[in-house]
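Novice: What follows is a single structure, and I will ask about it in a moment.
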Amino acid sequence: MQRFSGPRTLLTICAAFVVLMGVLAVVQYRWSQRVAAADVQREREHLDSAATLFANEFNGVIEKAVEFMQNDALAAFRAHQLLINVPPIIGELYYINLTIEGKAEAQKLTSEGRFTAALLPQWLATPRCASIAISRPPMLISPVVPIVMPERAPAPGARIRQAFGHLPSACFVARLNETYLRADLLSRLIRQSFGETSNREYDFSIVARDNSSDLLYGARVSPDVRRPFFAIAPPTRRSETENLRSASDEPAGQFRLTVVMNGETASLGLFGDGVWELDVARKGMPLAAAFERTRRRDLWFGLAVEALLIAAIVFLVTSMRRTQRLADQKMQFVAAVSHELRTPVSAISMLSKNQADGLVASPERVKQYGELMHQESRRLSDMVEKTLQYAGIHSGLRRKTNQPIDLAALLQQAVEARRDVLAHRGFEIEMAFGSDLPPVFGDANLLRTAVDNLLNNAEKYSDGTRWIRVSARYSEKHKEVLISVEDRGLGIDPADQEEIFEPFARGQAALAAQIPGSGLGLSLVRSAAEAHRGSVTLESEPGRGSIFTLHLPV
């Protein structure tokens, strides 16, 4: 059968795949960088769009509150009517009138919807209509309509006069409902704008733009996205502005927000971007770092998959080579067994034919022929037996036994069974068994087969040195029995020692010496050791012999 490819071709294919995987890894790395940058940009745009939606929604609430004070509150106050449907963002509502003497007269909207005389609240201890949050100059008798944030002190009069050119004499003052802001409005607008599950992924914080230390909502964060809010749209109809100027004979002022923080006064235009800022930050780490971590995790996962593919390719190539080598070994085994079978069969056939033809007449010749036929038949029987044993062990049909085994008796029986043959060939046999050998549980027949193969191996490769030693001892440290078969024969080359226990494998020295064999004996020894949860080791030096040791756990 022709091979599909040689070793060089397989190695070339494997190397080509590895190079391709490396190129793929580089391309994947660069591609992941671009994807991560695009993901970060897309997420920032999403957060910026959601923050813009939040700011628009909140500004719409403020504009409705301002419109309510300029229209409904003023109409109800003038007509002495009940004021109902007050926006929930308004916590307290006052009408402030500054007399010529500079005294402040206050009327407060009660829970029944009526304005009644009241004392000035602490946060309006020094009232200045134009200095209170959102205001505009009076128009004839029209009052100023401001919104005041909680816990904000009024600004000095000089600052207000500079902003408006005069001091208004009357205004509505509304204090925002801080509880409603934090517990309802801000949280609800965040969920509506960023999604119901946004709090699981992001932290939200609201601070004053002119003083970031003034925290209004949430915890302090290092923001990935900032968005100013709390502003109202400026008037767009020019005729309305001109009417205001002609009616008041004074320049029309602008809506302003004046906030006092840490003793310093800052005046911000409410027609601008806004006076508060929404800060959005990804939980745990910055947005770019989070996507970079995800990119690296995905990249490592991809590299792991590629490494697995490379390992699979190497494994497949190795398996193919191993399969090819095993097929070659099997072919060698068939050839060797065929040759080995042909030799004893031919010898037996020839010897029996000579006897049948009457060519052997003397008793000595008959005896010699009989011994030769017995040796060849025994050789033939050994080859058939080893082949059947190997097939039986690796077929999975062999019934496993777990009986206590007297190792000293088993070794004695194995040596005695071969003593006559070994003595006839002039072998010297030494035996050394420890007195403390514990019993080993397993299959006595299988262990006997392993010992027989080791004895046969020592006899076959003795190379003229007729000496074999069989020993057994107990290792207290490793809790195992060590059975050793030692010879002083050919030995095994170090290059062959790693594969000597493989099926059909034979050493180069044995092949060079043309020693007959099938290459199954040592494979049967290893299989027998592993069946008893043990192992077999080898110590060998070319020309000085070998020591095979069975390690059997107790």
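Ligands are numbered from 1 in the order shown, chains are lettered A, B, ... in the order of the structure tokens, and residues start at 1 in each chain.
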Neighbours of Leu447 in chain A within 10 Å (only C-alpha atoms; same-chain residues fewer than 6 positions away dropped), as an mmCIF file with C-alpha atoms, in the first residue's frame?
Specialist:
data_model
loop_
_atom_site.group_PDB
_atom_site.id
_atom_site.type_symbol
_atom_site.label_atom_id
_atom_site.label_comp_id
_atom_site.auth_asym_id
_atom_site.auth_seq_id
_atom_site.Cartn_x
_atom_site.Cartn_y
_atom_site.Cartn_z
ATOM 1 C CA ILE A 405 -1.197 -14.134 44.663
ATOM 2 C CA LEU A 407 4.529 -14.089 44.421
ATOM 3 C CA LEU A 410 4.583 -17.981 41.382
ATOM 4 C CA LEU A 411 8.193 -17.027 40.621
ATOM 5 C CA ASN A 453 8.223 -13.605 28.778
ATOM 6 C CA LEU A 524 2.650 -8.371 26.988
ATOM 7 C CA VAL A 525 4.800 -7.634 30.058
ATOM 8 C CA SER A 527 0.082 -4.850 29.536
ATOM 9 C CA ALA A 528 0.205 -7.319 32.458
ATOM 10 C CA ALA A 529 1.800 -4.699 34.752
ATOM 11 C CA ALA A 531 -3.598 -4.519 34.383
ATOM 12 C CA HIS A 532 -2.391 -4.713 38.025
ATOM 13 C CA LEU A 550 7.816 -5.125 37.475
#
Novice: Which polymer residues have any atom within 12 Å of an atom of Asp436 in chain A, counting only C-alpha atoms, with same-chain residues fewer than 3 positions away left out, as a PyMOL selection string?
Specialist: chain A and resi 406-408+433+439+472-476+480-481
Novice: Based on the selection just made, write C-alpha atoms of those residues as a compact mmCIF listing (two decimals), in the first residue's frame.
Specialist:
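The result, written out as selection.txt:
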# COMPACT_ATOMS: atom_id res chain seq x y z
CA ASP A 406 1.77 -15.71 46.45
CA LEU A 407 4.53 -14.09 44.42
CA ALA A 408 7.35 -16.25 45.79
CA PHE A 433 13.13 -13.54 47.29
CA PRO A 439 0.45 -10.89 48.64
CA ALA A 472 11.66 -9.98 44.40
CA ARG A 473 11.54 -7.52 47.25
CA TYR A 474 9.05 -5.24 49.02
CA SER A 475 9.47 -1.44 48.98
CA GLU A 476 8.09 0.01 52.18
CA GLU A 480 4.92 -2.01 46.10
CA VAL A 481 6.57 -5.29 45.25
Novice: For range 84-90 of chain A, list every protein, DNA or RNA residue within 9 Å, evaluated using only C-alpha atoms, and leave out those in the same chain fewer than 2 positions away; present the list as a ChimeraX atom specification.
Specialist: /A:61-62,64-65,68,72-73,82,92-93,112-113,147,174-178,180-181,185
Novice: Can you list every residue in range 477-541 of chain A that DSSP puts in strand (DSSP E or B), as a list in words?
Specialist: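 Written out, the strand (DSSP E or B) residues of range 477-541 of chain A are Glu480, Val481, Leu482, Ile483, Ser484, Val485, Glu486, Asp487, Ser535, Val536, Thr537, Leu538, Glu539, Ser540 and Glu541 of chain A.
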Novice: Export, as an mmCIF file, in the first residue's frame, the selected residues with N, CA and C atoms.
Specialist:
data_model
loop_
_atom_site.group_PDB
_atom_site.id
_atom_site.type_symbol
_atom_site.label_atom_id
_atom_site.label_comp_id
_atom_site.auth_asym_id
_atom_site.auth_seq_id
_atom_site.Cartn_x
_atom_site.Cartn_y
_atom_site.Cartn_z
ATOM 1 N N GLU A 480 5.031 -1.187 47.290
ATOM 2 C CA GLU A 480 4.922 -2.009 46.100
ATOM 3 C C GLU A 480 5.957 -3.123 46.138
ATOM 4 N N VAL A 481 5.652 -4.161 45.385
ATOM 5 C CA VAL A 481 6.572 -5.289 45.246
ATOM 6 C C VAL A 481 7.324 -5.130 43.930
ATOM 7 N N LEU A 482 8.648 -5.329 43.983
ATOM 8 C CA LEU A 482 9.490 -5.193 42.807
ATOM 9 C C LEU A 482 9.992 -6.572 42.399
ATOM 10 N N ILE A 483 9.634 -6.978 41.192
ATOM 11 C CA ILE A 483 10.078 -8.258 40.639
ATOM 12 C C ILE A 483 11.039 -7.957 39.500
ATOM 13 N N SER A 484 12.286 -8.435 39.613
ATOM 14 C CA SER A 484 13.321 -8.114 38.629
ATOM 15 C C SER A 484 13.845 -9.385 37.978
ATOM 16 N N VAL A 485 14.083 -9.305 36.673
ATOM 17 C CA VAL A 485 14.734 -10.366 35.904
ATOM 18 C C VAL A 485 15.950 -9.728 35.232
ATOM 19 N N GLU A 486 17.152 -10.233 35.593
ATOM 20 C CA GLU A 486 18.400 -9.609 35.150
ATOM 21 C C GLU A 486 19.211 -10.597 34.313
ATOM 22 N N ASP A 487 19.837 -10.062 33.282
ATOM 23 C CA ASP A 487 20.733 -10.884 32.457
ATOM 24 C C ASP A 487 21.981 -10.074 32.118
ATOM 25 N N SER A 535 3.583 -0.929 36.760
ATOM 26 C CA SER A 535 4.376 -0.496 35.609
ATOM 27 C C SER A 535 5.591 -1.402 35.490
ATOM 28 N N VAL A 536 6.325 -1.219 34.420
ATOM 29 C CA VAL A 536 7.561 -1.957 34.198
ATOM 30 C C VAL A 536 8.639 -0.958 33.796
ATOM 31 N N THR A 537 9.835 -1.128 34.369
ATOM 32 C CA THR A 537 10.956 -0.244 34.066
ATOM 33 C C THR A 537 12.126 -1.063 33.533
ATOM 34 N N LEU A 538 13.042 -0.355 32.889
ATOM 35 C CA LEU A 538 14.177 -1.013 32.235
ATOM 36 C C LEU A 538 15.459 -0.269 32.575
ATOM 37 N N GLU A 539 16.474 -1.044 32.929
ATOM 38 C CA GLU A 539 17.837 -0.538 33.072
ATOM 39 C C GLU A 539 18.716 -1.399 32.178
ATOM 40 N N SER A 540 19.325 -0.770 31.189
ATOM 41 C CA SER A 540 20.083 -1.557 30.229
ATOM 42 C C SER A 540 21.252 -0.758 29.684
ATOM 43 N N GLU A 541 22.307 -1.488 29.329
ATOM 44 C CA GLU A 541 23.492 -0.897 28.708
ATOM 45 C C GLU A 541 23.969 -1.869 27.646
#
